[in-house]
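Just below is one structure, and these are the notes that go with it.
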Amino acid sequence: MKWRMASFALAISFALPVAGGETPTVSPDSVPDVLVREQRTVLPKVAPVEEDYARNCQGCHGHEGHSVVEVPRLQGRAGWFTHTREGRAYLVQVPNVLQANLTDERVAAMLNWLLTQFSNEQLKPGFEPYTGAEVHALRKQRIESVITRRREVVDGLVRAGVIPDATALAFSLEPGRY
Amino acid sequence: MAKGLQFMDRFFERMSRRTAQQVSRRHFLSGLGAAMVGSTFLPVLPVSRKAQAAEDPAAAWAKQVEAQTKDPRACNYWRYCSSDGYLCSCCGGGPATCPPGAVPSPTSWVGSCLNPDDGKMYLIAYRDCCGKDSCPKCNCLGTAGEKPAYIPQLNNDIIWCFGASSMIYHCSSAAIVGQI
């Protein structure tokens, strides 16, 4: 009886996701590729929501939510947008989210993932995750100009006292651009 | 009108009488049974599954070029299913490293390829090496998962040196991002 309990506990511990936000990895020996084996590269096992981010966003925004000055940085600031209704809508209505080849449910999951992953501290207290229905409704409203709309939204966040000034959410990190 | 109907009536009556006389009931039932069972098994025949497997462009590419996992200097190395350009492996670099003098672009586009040896899909980041004249060696063209140029973020005809210090294209690399 005892060993049965023990094996049950063991099975449960394997079934549980890795705790503490650590990404599960794949051993180099299990990847049939000459270089992965030679260089002993440890690859991450990519979850479906991370895959959606990787395929649709990561190329420009970077795998940690930041890359070059030309691309708006997500890390440490995207969460501020969730403080106002307009900001929350804006995150769905930026062109490459609005037009992404993903269902509304997957866009909602991807936004919730990236916001908590890259900008958890900036989120509105008690942030309510996006739902597929909310994304569906927001995706029907197109914004005319992303630059103009962004400026309006950011000004709203300044007025609401969420950010001290507009430079905190400047489109580009390089002064003088846009 | 009535004549036409009468003709139809007589025609079907004659047909069904003839069937009843010539075909035994057991024969008919066994035939019907075979047809019903056969139709339920039809969707699990290998033909149907093959057609579904071919829908994935990465899997189709791997099959078409007989993708391999040993030689990164050949066009059919499994990671190049969406690579368009000169292979960095033939230019003094590797599939995930730039040759000396060229710098990796900070932006890339992410696709996926099928590893032919374990049958699993991996995310691949296609990153151009920039800042040096183009290296005209090992020109390969893979188009799995590529979208037309009006969806530029998923198109590989474009030079992906965006954000790099120089827009001059040297070669294409293909680093593994992770296992799906």
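So you can find residues: chains in the structure tokens are A, B, ... in the order shown, residues in each start at 1, and ligands are numbered from 1 in order.
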
Per residue of chain A within 7 Å of chain B, what are the shortest atom pair and its distance in Å to one decimal, counting only C-alpha atoms, with rows by chain and residue number, as JSON lines?
```
{"residue": "A:Pro32", "atom": "CA", "partner": "B:Asp117", "partner_atom": "CA", "distance": 6.1}
{"residue": "A:Asp33", "atom": "CA", "partner": "B:Thr69", "partner_atom": "CA", "distance": 5.0}
{"residue": "A:Val34", "atom": "CA", "partner": "B:Lys70", "partner_atom": "CA", "distance": 5.2}
{"residue": "A:Leu43", "atom": "CA", "partner": "B:Gly178", "partner_atom": "CA", "distance": 5.1}
{"residue": "A:Pro44", "atom": "CA", "partner": "B:Gly178", "partner_atom": "CA", "distance": 4.9}
{"residue": "A:Lys45", "atom": "CA", "partner": "B:Gln179", "partner_atom": "CA", "distance": 4.9}
{"residue": "A:Val46", "atom": "CA", "partner": "B:Ile180", "partner_atom": "CA", "distance": 5.0}
{"residue": "A:Ala47", "atom": "CA", "partner": "B:Ile180", "partner_atom": "CA", "distance": 6.8}
{"residue": "A:Ala54", "atom": "CA", "partner": "B:Val110", "partner_atom": "CA", "distance": 6.5}
{"residue": "A:Arg55", "atom": "CA", "partner": "B:Val110", "partner_atom": "CA", "distance": 5.1}
{"residue": "A:Gly59", "atom": "CA", "partner": "B:Ser108", "partner_atom": "CA", "distance": 4.5}
{"residue": "A:Cys60", "atom": "CA", "partner": "B:Thr107", "partner_atom": "CA", "distance": 5.0}
{"residue": "A:Ser67", "atom": "CA", "partner": "B:Pro106", "partner_atom": "CA", "distance": 6.7}
{"residue": "A:Val68", "atom": "CA", "partner": "B:Gly163", "partner_atom": "CA", "distance": 5.9}
{"residue": "A:Glu70", "atom": "CA", "partner": "B:Gly163", "partner_atom": "CA", "distance": 6.8}
```

Save out the residues we just selected, N, CA and C atoms, as a tab-separated table (two decimals), in the first residue's frame.
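Below you can see out-v3.tsv, which holds the result:
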```tsv
chain	number	residue	atom	x	y	z
A	32	PRO	N	17.58	15.42	-32.37
A	32	PRO	CA	18.45	14.91	-33.43
A	32	PRO	C	18.92	16.03	-34.36
A	33	ASP	N	19.98	16.71	-33.97
A	33	ASP	CA	20.56	17.77	-34.79
A	33	ASP	C	22.05	17.83	-34.47
A	34	VAL	N	22.86	17.84	-35.51
A	34	VAL	CA	24.30	17.76	-35.34
A	34	VAL	C	24.85	18.86	-34.42
A	43	LEU	N	17.49	23.48	-25.18
A	43	LEU	CA	16.39	24.25	-25.77
A	43	LEU	C	15.19	24.31	-24.83
A	44	PRO	N	14.49	25.44	-24.85
A	44	PRO	CA	13.26	25.48	-24.04
A	44	PRO	C	12.13	24.73	-24.74
A	45	LYS	N	11.24	24.17	-23.93
A	45	LYS	CA	10.01	23.58	-24.47
A	45	LYS	C	9.00	24.72	-24.53
A	46	VAL	N	8.51	25.03	-25.73
A	46	VAL	CA	7.68	26.22	-25.92
A	46	VAL	C	6.19	25.89	-25.73
A	47	ALA	N	5.55	26.59	-24.78
A	47	ALA	CA	4.11	26.39	-24.54
A	47	ALA	C	3.31	27.05	-25.67
A	54	ALA	N	5.83	34.04	-30.05
A	54	ALA	CA	7.05	33.86	-30.84
A	54	ALA	C	6.79	34.06	-32.33
A	55	ARG	N	5.73	33.43	-32.81
A	55	ARG	CA	5.45	33.49	-34.24
A	55	ARG	C	4.97	34.86	-34.70
A	59	GLY	N	9.75	38.27	-33.29
A	59	GLY	CA	10.73	38.63	-34.30
A	59	GLY	C	11.17	40.08	-34.17
A	60	CYS	N	10.22	40.98	-33.86
A	60	CYS	CA	10.56	42.40	-33.71
A	60	CYS	C	10.62	42.84	-32.25
A	67	SER	N	13.66	45.10	-27.88
A	67	SER	CA	14.72	44.90	-28.88
A	67	SER	C	15.32	46.24	-29.28
A	68	VAL	N	15.14	46.66	-30.52
A	68	VAL	CA	15.80	47.89	-30.97
A	68	VAL	C	14.93	49.13	-30.72
A	70	GLU	N	13.66	51.23	-32.64
A	70	GLU	CA	12.56	51.45	-33.59
A	70	GLU	C	11.28	50.72	-33.18
```

Shell around Gln99 (chain A) at 12 Å using only C-alpha atoms, local window under 3 positions removed, as JSON, numbers by chain
{"A": [56, 92, 93, 94, 95, 96, 102, 103, 104, 107, 135, 136, 138, 139, 140, 141, 142, 143], "B": [151, 153]}

What does the file look like for those residues with N, CA and C atoms, as a compact mmCIF listing (two decimals), in the first residue's frame?
```
# COMPACT_ATOMS: atom_id res chain seq x y z
N ASN A 56 4.24 35.57 -33.83
CA ASN A 56 3.58 36.79 -34.27
C ASN A 56 4.23 38.08 -33.78
N VAL A 92 -5.32 45.91 -28.05
CA VAL A 92 -5.93 44.95 -28.98
C VAL A 92 -5.97 45.54 -30.39
N GLN A 93 -6.06 46.91 -30.45
CA GLN A 93 -6.28 47.54 -31.75
C GLN A 93 -5.02 47.97 -32.50
N VAL A 94 -3.84 47.80 -31.89
CA VAL A 94 -2.63 48.09 -32.66
C VAL A 94 -2.62 47.12 -33.85
N PRO A 95 -2.21 47.62 -35.05
CA PRO A 95 -2.44 46.85 -36.27
C PRO A 95 -2.04 45.37 -36.23
N ASN A 96 -0.86 45.07 -35.69
CA ASN A 96 -0.42 43.68 -35.78
C ASN A 96 -1.08 42.75 -34.76
N LEU A 102 -4.76 34.94 -35.59
CA LEU A 102 -5.05 34.17 -34.37
C LEU A 102 -6.52 34.38 -34.01
N THR A 103 -7.12 33.40 -33.38
CA THR A 103 -8.51 33.56 -32.94
C THR A 103 -8.55 34.58 -31.80
N ASP A 104 -9.75 35.09 -31.51
CA ASP A 104 -9.90 36.07 -30.43
C ASP A 104 -9.45 35.49 -29.10
N VAL A 107 -5.66 35.48 -29.00
CA VAL A 107 -5.13 36.84 -28.82
C VAL A 107 -5.26 37.23 -27.34
N VAL A 135 -11.96 40.74 -26.76
CA VAL A 135 -11.08 40.92 -27.91
C VAL A 135 -11.90 40.96 -29.20
N HIS A 136 -12.90 40.10 -29.27
CA HIS A 136 -13.76 40.04 -30.46
C HIS A 136 -14.41 41.40 -30.72
N LEU A 138 -13.50 44.37 -29.54
CA LEU A 138 -12.50 45.42 -29.79
C LEU A 138 -11.90 45.31 -31.19
N ARG A 139 -11.75 44.08 -31.65
CA ARG A 139 -11.13 43.90 -32.97
C ARG A 139 -12.02 44.41 -34.10
N LYS A 140 -13.31 44.63 -33.80
CA LYS A 140 -14.22 45.13 -34.84
C LYS A 140 -14.05 46.62 -35.06
N GLN A 141 -13.45 47.29 -34.06
CA GLN A 141 -13.27 48.74 -34.19
C GLN A 141 -11.84 49.01 -34.65
N ARG A 142 -11.73 49.53 -35.85
CA ARG A 142 -10.38 49.84 -36.35
C ARG A 142 -10.00 51.26 -35.96
N ILE A 143 -8.73 51.46 -35.67
CA ILE A 143 -8.29 52.82 -35.38
C ILE A 143 -7.69 53.41 -36.65
N ILE B 151 2.15 41.00 -45.99
CA ILE B 151 2.22 40.70 -44.55
C ILE B 151 3.72 40.63 -44.25
N GLN B 153 5.78 41.06 -41.92
CA GLN B 153 6.41 40.44 -40.75
C GLN B 153 6.56 38.93 -40.90
```

For the atom pair CA of Lys147 (chain B) and CA of Val26 (chain A), what is the interatomic distance in Å to one decimal place?
29.4 Å

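The gap separating CA of Glu128 (chain A) from CA of Arg150 (chain A) is 21.7 Å, in Å to one decimal.
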
Give me every strand (DSSP E) residue in region 93-153 of chain B, going by DSSP on the backbone, as a list in words.
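So, restricting region 93-153 of chain B to strand (DSSP E), we get Val103, Pro104, Trp109, Val110, Gly111, Ser112, Cys113, Leu114, Met121, Tyr122, Leu123, Ile124, Ala125, Tyr126, Arg127, Asp128, Cys129, Cys130, Asn139, Cys140 and Leu141 of chain B.
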
For His61 (chain A), please output as a list in words all residues within 8 Å (counting only C-alpha atoms; exclusion window: fewer than 5 positions along the same chain).
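Everything that qualifies: His66, Ser67, Val71, Pro72, Arg73 and Leu74 of chain A; Thr107 of chain B.
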
List the neighbours of region 86-91 of chain B out to 7 Å using only C-alpha atoms; skip same-chain residues closer than 5 positions along the sequence, and give me the result as a ChimeraX atom specification.
/B:72-73,98-99,135-140,171-173

Can you list every residue in region 4-142 of chain B that DSSP puts in alpha helix (DSSP H), as a PyMOL selection string?
chain B and resi 4-22+25-41+46-53+57-65

Emit the selected residues as a compact mmCIF listing (two decimals), in the first residue's frame, including C-alpha atoms.
```
# COMPACT_ATOMS: atom_id res chain seq x y z
CA GLY B 4 -46.26 10.73 -67.53
CA LEU B 5 -47.03 9.83 -63.95
CA GLN B 6 -48.52 6.54 -65.00
CA PHE B 7 -45.41 5.73 -66.96
CA MET B 8 -43.19 6.49 -63.97
CA ASP B 9 -45.42 4.42 -61.73
CA ARG B 10 -45.25 1.45 -64.05
CA PHE B 11 -41.52 1.83 -64.56
CA PHE B 12 -40.68 1.76 -60.86
CA GLU B 13 -43.13 -1.05 -60.18
CA ARG B 14 -41.49 -3.18 -62.86
CA MET B 15 -38.03 -2.31 -61.54
CA SER B 16 -38.80 -3.24 -57.95
CA ARG B 17 -40.60 -6.44 -58.95
CA ARG B 18 -37.65 -7.51 -61.01
CA THR B 19 -35.24 -6.75 -58.15
CA ALA B 20 -37.43 -8.70 -55.72
CA GLN B 21 -37.48 -11.71 -58.06
CA GLN B 22 -33.82 -11.74 -59.00
CA ARG B 25 -33.06 -10.84 -49.44
CA ARG B 26 -29.94 -12.15 -47.68
CA HIS B 27 -27.78 -11.10 -50.57
CA PHE B 28 -29.22 -7.61 -50.43
CA LEU B 29 -28.78 -7.34 -46.65
CA SER B 30 -25.20 -8.55 -46.73
CA GLY B 31 -24.42 -6.08 -49.49
CA LEU B 32 -26.01 -3.23 -47.53
CA GLY B 33 -24.13 -4.27 -44.39
CA ALA B 34 -20.82 -4.33 -46.23
CA ALA B 35 -21.49 -0.88 -47.67
CA MET B 36 -22.37 0.54 -44.24
CA VAL B 37 -19.33 -0.94 -42.49
CA GLY B 38 -17.10 0.03 -45.41
CA SER B 39 -18.21 3.64 -45.31
CA THR B 40 -17.43 3.93 -41.58
CA PHE B 41 -13.92 2.59 -42.14
CA PRO B 46 -4.09 5.84 -44.91
CA VAL B 47 -5.04 7.92 -47.94
CA SER B 48 -7.07 10.27 -45.81
CA ARG B 49 -4.33 10.73 -43.18
CA LYS B 50 -1.72 11.36 -45.83
CA ALA B 51 -3.80 14.18 -47.25
CA GLN B 52 -4.08 15.79 -43.80
CA ALA B 53 -0.33 15.50 -43.13
CA PRO B 57 3.89 23.28 -45.29
CA ALA B 58 6.91 22.49 -43.04
CA ALA B 59 6.17 18.75 -43.16
CA ALA B 60 5.62 18.91 -46.91
CA TRP B 61 8.98 20.66 -47.42
CA ALA B 62 10.84 18.11 -45.25
CA LYS B 63 9.41 15.31 -47.33
CA GLN B 64 9.99 16.96 -50.67
CA VAL B 65 13.68 17.78 -50.13
```

Counting only C-alpha atoms, which residue out of B:Cys129, B:Ala74, B:Val103, B:Cys113 sits closest to Glu146 (chain B)?
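Distance minimum relative to Glu146 (chain B) lands on B:Cys113.
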